[in-house]
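One structure is given here, and the rest of the page talks about it.
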Amino acid sequence: MRFLHVLIGLVILCSVAEAATRKTVFRNREYGITLSAPEGGWLCPTQGNGVVHGASLLLGTEDTSLCRKSSGKRWIETFAAYNIAEDSKTLHTFLNSECDYPSHYGNEPNAMCSPAPAGLSVNGLPSEAARIDHLNGLIEIIVVTQAGKPNPDFDASVPSINYDLSLHTDAVHLDEDLAVFRAVLNAVKIAPHSR
């Protein structure tokens, strides 16, 4: 009987620990991003070169082991980086560079961006959007924006931070996931501090 009580206690402790570690809000002070996870969404930080650049929001699963994998899942990603490259200097060239960049699904040679569904923009900021239909059936919707005080050492006429918000889904889940993506675009707060 004691064994059963210990086992039940461990199950409860593990459940409490898992619930306590689940993040519902992602904040990144460096890039000024605040993202709340909609009901059922699971947040995973997105790292690159040891810096947290944003977060991914898993869709349709509570399996956090998928956070670091790019296959077998649907997700929304927010990613930010300083605007320091000529090929992503303006909003339009930034979108083009995202279309050309190998995505998590791996852009096929000559992958082309096509128009995104109407009305996609980041809450309160000028935005551009595109869609990539991958040969493997996966669909990527990309919305980019820029914000932040211009960096006079690079170009004093453009914002200092690039933001890429993208939906990674398939045709079966497109309408459902697009509704969540629209909600994220409307709810995400982007307010970078001055460098």
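Letters for chains follow the order of the structure tokens (A, B, ...), residue numbers begin at 1 for each chain, and ligand numbers begin at 1 in the order shown.
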Report as a PDB file with N, CA and C atoms, in the first residue's frame all protein, DNA and RNA residues lying within 12 Å of A:Ser88, evaluated on only C-alpha atoms, omitting residues in the same chain fewer than 4 positions from it.
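Written out: selection21.pdb:
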ATOM      1  N   ALA A  81      15.805  39.465 -35.451  1.00  0.00           N
ATOM      2  CA  ALA A  81      17.254  39.646 -35.557  1.00  0.00           C
ATOM      3  C   ALA A  81      17.520  41.093 -35.957  1.00  0.00           C
ATOM      4  N   TYR A  82      18.696  41.552 -35.620  1.00  0.00           N
ATOM      5  CA  TYR A  82      19.045  42.925 -35.984  1.00  0.00           C
ATOM      6  C   TYR A  82      19.163  43.058 -37.502  1.00  0.00           C
ATOM      7  N   ASN A  83      18.719  44.185 -38.004  1.00  0.00           N
ATOM      8  CA  ASN A  83      18.705  44.496 -39.429  1.00  0.00           C
ATOM      9  C   ASN A  83      20.088  45.020 -39.818  1.00  0.00           C
ATOM     10  N   ILE A  84      20.942  44.087 -40.289  1.00  0.00           N
ATOM     11  CA  ILE A  84      22.326  44.471 -40.589  1.00  0.00           C
ATOM     12  C   ILE A  84      22.779  43.995 -41.969  1.00  0.00           C
ATOM     13  N   HIS A  92      10.404  45.016 -48.090  1.00  0.00           N
ATOM     14  CA  HIS A  92      10.242  44.195 -49.287  1.00  0.00           C
ATOM     15  C   HIS A  92      11.450  43.270 -49.510  1.00  0.00           C
ATOM     16  N   THR A  93      12.661  43.803 -49.351  1.00  0.00           N
ATOM     17  CA  THR A  93      13.834  42.935 -49.543  1.00  0.00           C
ATOM     18  C   THR A  93      13.934  41.899 -48.417  1.00  0.00           C
ATOM     19  N   PHE A  94      13.449  42.252 -47.243  1.00  0.00           N
ATOM     20  CA  PHE A  94      13.420  41.285 -46.140  1.00  0.00           C
ATOM     21  C   PHE A  94      12.498  40.118 -46.489  1.00  0.00           C
ATOM     22  N   LEU A  95      11.292  40.410 -46.997  1.00  0.00           N
ATOM     23  CA  LEU A  95      10.380  39.334 -47.396  1.00  0.00           C
ATOM     24  C   LEU A  95      11.015  38.473 -48.491  1.00  0.00           C
ATOM     25  N   ASN A  96      11.632  39.116 -49.473  1.00  0.00           N
ATOM     26  CA  ASN A  96      12.280  38.348 -50.538  1.00  0.00           C
ATOM     27  C   ASN A  96      13.387  37.449 -49.991  1.00  0.00           C
ATOM     28  N   SER A  97      14.147  37.943 -49.023  1.00  0.00           N
ATOM     29  CA  SER A  97      15.216  37.114 -48.459  1.00  0.00           C
ATOM     30  C   SER A  97      14.633  35.933 -47.688  1.00  0.00           C
ATOM     31  N   GLU A  98      13.488  36.131 -47.045  1.00  0.00           N
ATOM     32  CA  GLU A  98      12.831  35.028 -46.348  1.00  0.00           C
ATOM     33  C   GLU A  98      12.316  33.987 -47.343  1.00  0.00           C
ATOM     34  N   CYS A  99      11.836  34.429 -48.484  1.00  0.00           N
ATOM     35  CA  CYS A  99      11.371  33.502 -49.517  1.00  0.00           C
ATOM     36  C   CYS A  99      12.527  32.673 -50.075  1.00  0.00           C
ATOM     37  N   ASP A 100      13.703  33.273 -50.148  1.00  0.00           N
ATOM     38  CA  ASP A 100      14.870  32.587 -50.696  1.00  0.00           C
ATOM     39  C   ASP A 100      15.599  31.723 -49.670  1.00  0.00           C
ATOM     40  N   TYR A 101      15.392  32.007 -48.397  1.00  0.00           N
ATOM     41  CA  TYR A 101      16.126  31.319 -47.338  1.00  0.00           C
ATOM     42  C   TYR A 101      15.595  29.903 -47.144  1.00  0.00           C
ATOM     43  N   VAL A 144       6.344  39.460 -42.446  1.00  0.00           N
ATOM     44  CA  VAL A 144       7.515  40.168 -41.926  1.00  0.00           C
ATOM     45  C   VAL A 144       7.156  41.612 -41.590  1.00  0.00           C
ATOM     46  N   THR A 145       7.871  42.134 -40.618  1.00  0.00           N
ATOM     47  CA  THR A 145       7.743  43.538 -40.251  1.00  0.00           C
ATOM     48  C   THR A 145       9.091  44.001 -39.710  1.00  0.00           C
ATOM     49  N   GLN A 146       9.198  45.294 -39.495  1.00  0.00           N
ATOM     50  CA  GLN A 146      10.413  45.880 -38.938  1.00  0.00           C
ATOM     51  C   GLN A 146      10.027  46.918 -37.889  1.00  0.00           C
ATOM     52  N   PHE A 154      24.412  51.484 -39.673  1.00  0.00           N
ATOM     53  CA  PHE A 154      24.036  50.650 -40.816  1.00  0.00           C
ATOM     54  C   PHE A 154      23.290  51.491 -41.846  1.00  0.00           C
ATOM     55  N   ASP A 155      22.105  51.958 -41.478  1.00  0.00           N
ATOM     56  CA  ASP A 155      21.295  52.806 -42.364  1.00  0.00           C
ATOM     57  C   ASP A 155      20.286  53.533 -41.490  1.00  0.00           C
ATOM     58  N   VAL A 158      16.169  53.012 -41.941  1.00  0.00           N
ATOM     59  CA  VAL A 158      15.389  51.781 -41.776  1.00  0.00           C
ATOM     60  C   VAL A 158      15.391  51.350 -40.316  1.00  0.00           C
ATOM     61  N   PRO A 159      14.318  50.669 -39.873  1.00  0.00           N
ATOM     62  CA  PRO A 159      14.266  50.171 -38.491  1.00  0.00           C
ATOM     63  C   PRO A 159      15.409  49.185 -38.218  1.00  0.00           C
ATOM     64  N   SER A 160      15.772  49.060 -36.956  1.00  0.00           N
ATOM     65  CA  SER A 160      16.955  48.273 -36.586  1.00  0.00           C
ATOM     66  C   SER A 160      16.689  46.790 -36.381  1.00  0.00           C
ATOM     67  N   ILE A 161      15.419  46.368 -36.319  1.00  0.00           N
ATOM     68  CA  ILE A 161      15.128  44.958 -36.054  1.00  0.00           C
ATOM     69  C   ILE A 161      14.143  44.410 -37.089  1.00  0.00           C
ATOM     70  N   ASN A 162      14.451  43.225 -37.615  1.00  0.00           N
ATOM     71  CA  ASN A 162      13.562  42.493 -38.523  1.00  0.00           C
ATOM     72  C   ASN A 162      12.818  41.427 -37.727  1.00  0.00           C
ATOM     73  N   TYR A 163      11.528  41.297 -37.994  1.00  0.00           N
ATOM     74  CA  TYR A 163      10.678  40.290 -37.354  1.00  0.00           C
ATOM     75  C   TYR A 163      10.033  39.426 -38.429  1.00  0.00           C
ATOM     76  N   ASP A 164      10.118  38.129 -38.253  1.00  0.00           N
ATOM     77  CA  ASP A 164       9.533  37.148 -39.163  1.00  0.00           C
ATOM     78  C   ASP A 164       8.577  36.292 -38.345  1.00  0.00           C
TER      79      ASP A 164
END
Residues within 8 Å of A:Tyr31, please, as a ChimeraX atom specification. Count only C-alpha atoms; anything in the same chain fewer than 6 positions from it doesn't count. /A:53,80-81,161,190-193
Would you mind exporting the chosen residues as a tab-separated table (two decimals), in the first residue's frame, restricted to N, CA and C atoms?
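Result went into out.tsv, see below:
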chain	number	residue	atom	x	y	z
A	53	HIS	N	16.07	34.17	-30.08
A	53	HIS	CA	15.58	35.11	-31.09
A	53	HIS	C	14.07	35.18	-31.16
A	80	ALA	N	13.27	37.14	-34.48
A	80	ALA	CA	13.76	38.52	-34.62
A	80	ALA	C	15.28	38.52	-34.69
A	81	ALA	N	15.81	39.47	-35.45
A	81	ALA	CA	17.25	39.65	-35.56
A	81	ALA	C	17.52	41.09	-35.96
A	161	ILE	N	15.42	46.37	-36.32
A	161	ILE	CA	15.13	44.96	-36.05
A	161	ILE	C	14.14	44.41	-37.09
A	190	ILE	N	5.06	43.98	-30.24
A	190	ILE	CA	6.43	44.24	-30.64
A	190	ILE	C	6.74	45.68	-30.27
A	191	ALA	N	7.61	45.83	-29.28
A	191	ALA	CA	7.97	47.16	-28.77
A	191	ALA	C	9.43	47.14	-28.34
A	192	PRO	N	10.35	47.19	-29.32
A	192	PRO	CA	11.78	47.15	-28.97
A	192	PRO	C	12.21	48.41	-28.24
A	193	HIS	N	13.13	48.22	-27.31
A	193	HIS	CA	13.70	49.39	-26.63
A	193	HIS	C	14.81	49.96	-27.51
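When atom CA of A:Gly137 is paired with atom CA of A:Leu58, their separation reads 18.6 Å.
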Stretch 25-195 of chain A: residues DSSP assigns to strand (DSSP E or B), reported as a ChimeraX atom specification: /A:25-28,33-36,42-48,51-59,74-82,114,127-133,138-147,151,155,161-170,189-190
Any idea what's packed within 12 Å of A:Asn123, counting only C-alpha atoms, ignoring anything in its chain fewer than 3 positions away? Could you give it as a ChimeraX atom specification? /A:35,119-120,126-127,143-147,165,181-191
Write out as a CSV table (one decimal) with N, CA, C and O atoms, in the first residue's frame each polymer residue whose atoms come within 9 Å of A:Asp133, counting only C-alpha atoms; drop sequence neighbours fewer than 2 positions from it.
chain,number,residue,atom,x,y,z
A,111,ALA,N,12.1,27.4,-55.3
A,111,ALA,CA,10.8,27.6,-54.6
A,111,ALA,C,10.4,29.1,-54.8
A,111,ALA,O,11.3,30.0,-54.7
A,112,MET,N,9.2,29.3,-55.0
A,112,MET,CA,8.7,30.7,-55.2
A,112,MET,C,7.7,31.0,-54.2
A,112,MET,O,6.8,30.2,-53.8
A,113,CYS,N,7.8,32.3,-53.7
A,113,CYS,CA,6.7,32.8,-52.9
A,113,CYS,C,5.5,33.2,-53.7
A,113,CYS,O,5.7,33.8,-54.9
A,114,SER,N,4.4,33.0,-53.3
A,114,SER,CA,3.2,33.4,-53.9
A,114,SER,C,2.4,34.3,-52.9
A,114,SER,O,2.8,34.4,-51.8
A,131,ARG,N,3.4,33.3,-49.3
A,131,ARG,CA,3.1,31.9,-49.1
A,131,ARG,C,4.1,31.0,-49.9
A,131,ARG,O,4.3,31.4,-51.1
A,135,LEU,N,7.0,21.2,-52.1
A,135,LEU,CA,6.7,20.0,-52.9
A,135,LEU,C,6.2,18.8,-52.0
A,135,LEU,O,5.5,17.9,-52.5
A,136,ASN,N,6.6,18.8,-50.8
A,136,ASN,CA,6.2,17.7,-49.9
A,136,ASN,C,4.8,17.9,-49.3
A,136,ASN,O,4.4,17.2,-48.4
A,137,GLY,N,4.1,19.0,-49.8
A,137,GLY,CA,2.7,19.2,-49.3
A,137,GLY,C,2.6,20.2,-48.1
A,137,GLY,O,1.5,20.6,-47.8
A,138,LEU,N,3.7,20.6,-47.6
A,138,LEU,CA,3.6,21.5,-46.5
A,138,LEU,C,3.5,22.9,-47.0
A,138,LEU,O,4.0,23.3,-48.1
A,139,ILE,N,2.9,23.8,-46.2
A,139,ILE,CA,2.6,25.1,-46.5
A,139,ILE,C,3.2,26.1,-45.5
A,139,ILE,O,3.1,25.8,-44.3
A,140,GLU,N,3.9,27.1,-46.0
A,140,GLU,CA,4.5,28.1,-45.1
A,140,GLU,C,3.9,29.5,-45.4
A,140,GLU,O,4.0,29.9,-46.6
A,141,ILE,N,3.4,30.1,-44.5
A,141,ILE,CA,2.9,31.5,-44.6
A,141,ILE,C,3.8,32.4,-43.8
A,141,ILE,O,4.0,32.2,-42.6
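Minimum atom-to-atom distances from A:Leu59, A:Ala130, A:Cys67, A:Ala156 to A:Ala179 were compared using only C-alpha atoms, and the lowest value belongs to A:Leu59.
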Shortest contact to A:Gly32, candidates A:Val52, A:Cys44, A:Leu167, A:Leu66, atoms counted only C-alpha atoms, goes to A:Val52
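Take atom CA of A:Glu86 and atom CA of A:His168: the distance between them is 26.4 Å.
Distances to A:Asp177 were evaluated for A:Gly50, A:Gly124, A:Gly41, A:Pro152 using only C-alpha atoms, and the minimum falls at A:Gly41.
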